[in-house]
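> Here it is, the structure in full.
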Amino acid sequence: MNNKKGGSIPLRVDILTLFPGMFDAVLQESILKRAQEKGALQIQTVNIRDFSENKHLQVDDYPYGGGAGMLMKADVVIRALKSVENPQAHVVYLSPQGRKLNTQIARELSEYDHLVFLCGHYEGIDERVMKKVDEEISIGDYVLTGGELPAMVLLDAVARFVPGVLGDAHSAEEESFSDDLLEYPQYTRPEEVEGETVPAILLSGHHKNIERWRKQQSLLRTLLKRPEILLKHSFDEEEEYLLCEILFGRIPEKKKKRKSES
């Protein structure tokens, strides 16, 4: 377990679930479909119920000690995990108790050869299954009926960092949260819509000024919409000056001196 790949593709992803049909549309549309067709991803769903040895295909039972709800049975889930197990497999349990998903986690997971996503259901799984799990990941502090929707979110987030998945190799790096900031505003044709025009700087053709404007807008959006992100952001020198310009309406004196000296 836990072996990371050395740039080889495709990334193999096995999704263990009680409801494989929920993934049909997600895997047969848009980027994930094309990534599979190109050979960048190999994705399969595994029906946990197939590993029940009960004639009724039972996968859950009442918890010892009492309590509300049912738990997924350890023996059934472990057999399902063993069916896809190999030394490169990194097993992720979708759980509200796990690390909260962010861009860095998605990038880290994209570096593995083989991911296994375990989707819980009911009131969770027998604790003995957790010895087979490498990590738990959460997509937010709220309750869902199962791990299927979180697995879809995680798959999409991870896939974007796998070489060959996106048409533009830089797309994943430029989008919101790739550098811990929100994405700058973007525009396309027509140039004017209901009296509102595209910012003139974007039509200037001056790439350095456009890049600076975009960085400034990214900082401004983050400040207005998600200010808590800025507390964790590592600012480079240019970002510090841009933030001062946003907050105080002027560039610090140090920056002005550098300009005059050049």
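Ligands are numbered from 1 in the order shown, chains are lettered A, B, ... in the order of the structure tokens, and residues start at 1 in each chain.
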Might you pull out every residue within 12 Å of Glu148 of chain A, with only C-alpha atoms counted and same-chain residues fewer than 6 positions away left off, and present them as a ChimeraX atom specification?

/A:15-24,26,45,47,93-95,117-121,138-139,154-155

> Compile the contact shell of Lys232 of chain A as a PDB file with N, CA and C atoms, in the first residue's frame: residues with an atom at most 10 Å away, counting only C-alpha atoms, same-chain residues fewer than 4 positions apart removed.


```
ATOM      1  N   ASP A 180      -4.585  28.314  -3.607  1.00  0.00           N
ATOM      2  CA  ASP A 180      -5.259  28.733  -2.372  1.00  0.00           C
ATOM      3  C   ASP A 180      -6.003  30.052  -2.509  1.00  0.00           C
ATOM      4  N   PRO A 227     -12.479  35.372   2.992  1.00  0.00           N
ATOM      5  CA  PRO A 227     -11.305  36.000   3.627  1.00  0.00           C
ATOM      6  C   PRO A 227     -10.487  35.051   4.488  1.00  0.00           C
ATOM      7  N   GLU A 228     -11.121  33.996   4.991  1.00  0.00           N
ATOM      8  CA  GLU A 228     -10.371  33.078   5.849  1.00  0.00           C
ATOM      9  C   GLU A 228      -9.260  32.370   5.081  1.00  0.00           C
TER      10      GLU A 228
END
```

> Which one of A:Glu239, A:Val116, A:Leu57, A:Leu166 sits closest to Ala40 of chain A if you count only C-alpha atoms?

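Checking each of A:Glu239, A:Val116, A:Leu57, A:Leu166 against Ala40 of chain A, counting only C-alpha atoms, the winner is A:Leu166.
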
> Can you tell me how far atom CA of Val153 of chain A sits from atom CA of Gln36 of chain A, in Å to one decimal?

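Here the two named atoms are 16.9 Å from each other.
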
> Of the candidates A:Val129, A:Leu144, A:Ile137, A:Leu224, which shows the shortest atom-to-atom distance to Gln97 of chain A, using only C-alpha atoms?

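Selected residue with least distance to Gln97 of chain A: A:Ile137.
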
> Could you tell me which of A:His207, A:Thr145, A:Asp134, A:Met72 comes closest to Ser52 of chain A if we count only C-alpha atoms?

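Checking each of A:His207, A:Thr145, A:Asp134, A:Met72 against Ser52 of chain A, counting only C-alpha atoms, the winner is A:Met72.
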
> Could you please determine the separation between atom CA of Tyr184 of chain A and atom CA of Lys215 of chain A in Å, to one decimal place?

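Atom-to-atom, atom CA of Tyr184 of chain A and atom CA of Lys215 of chain A are spaced 7.1 Å apart.
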
> Please run DSSP on the backbone and report, as a ChimeraX atom specification, all residues within segment 6-222 of chain A that come out as alpha helix (DSSP H).

/A:24-27,30-38,74-83,103-109,148-159,171-174,207-222

> Rounded to one decimal in Å, what is the spacing between atom CA of Glu240 of chain A and atom CA of Asn209 of chain A?

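Taking atom CA of Glu240 of chain A as the start and atom CA of Asn209 of chain A as the end point, the length is 16.7 Å.
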
> Write out as a PyMOL selection string all residues of segment 100-237 of chain A that backbone DSSP assigns to strand (DSSP E or B).

chain A and resi 100+112+114-119+121+125+135-138+146+192-193+196-197

> Out of A:Glu196, A:Glu191, A:Ile251, A:Glu183, which residue has the shortest atom-to-atom distance to Arg221 of chain A when counting only C-alpha atoms?

A:Glu183

> Looking at only C-alpha atoms, which of A:Glu108, A:Glu135, A:Glu211, A:Glu192 is the one that sits closest to His90 of chain A?

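The shortest atom-to-atom distance to His90 of chain A comes from A:Glu135.
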
> Which residues come within 8 Å of Leu230 of chain A, counting only C-alpha atoms, excluding same-chain residues fewer than 4 positions away, as a list in words?

Asp180, Leu181, Thr222, Leu223 and Arg226 of chain A

> Find the residue from A:Val91, A:Ser110, A:Leu149, A:Glu127 that sits nearest to Tyr64 of chain A; use only C-alpha atoms when measuring.

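The closest residue to Tyr64 of chain A is A:Glu127.
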
> Identify, on the basis of only C-alpha atoms, every residue whose closest approach to segment 157-164 of chain A does not exceed 8 Å; exclude the query and any residue fewer than 6 positions from it along the same chain; express the result as a ChimeraX atom specification.

/A:9,11,32,35,38,40-41,103,106-107,109-111,172
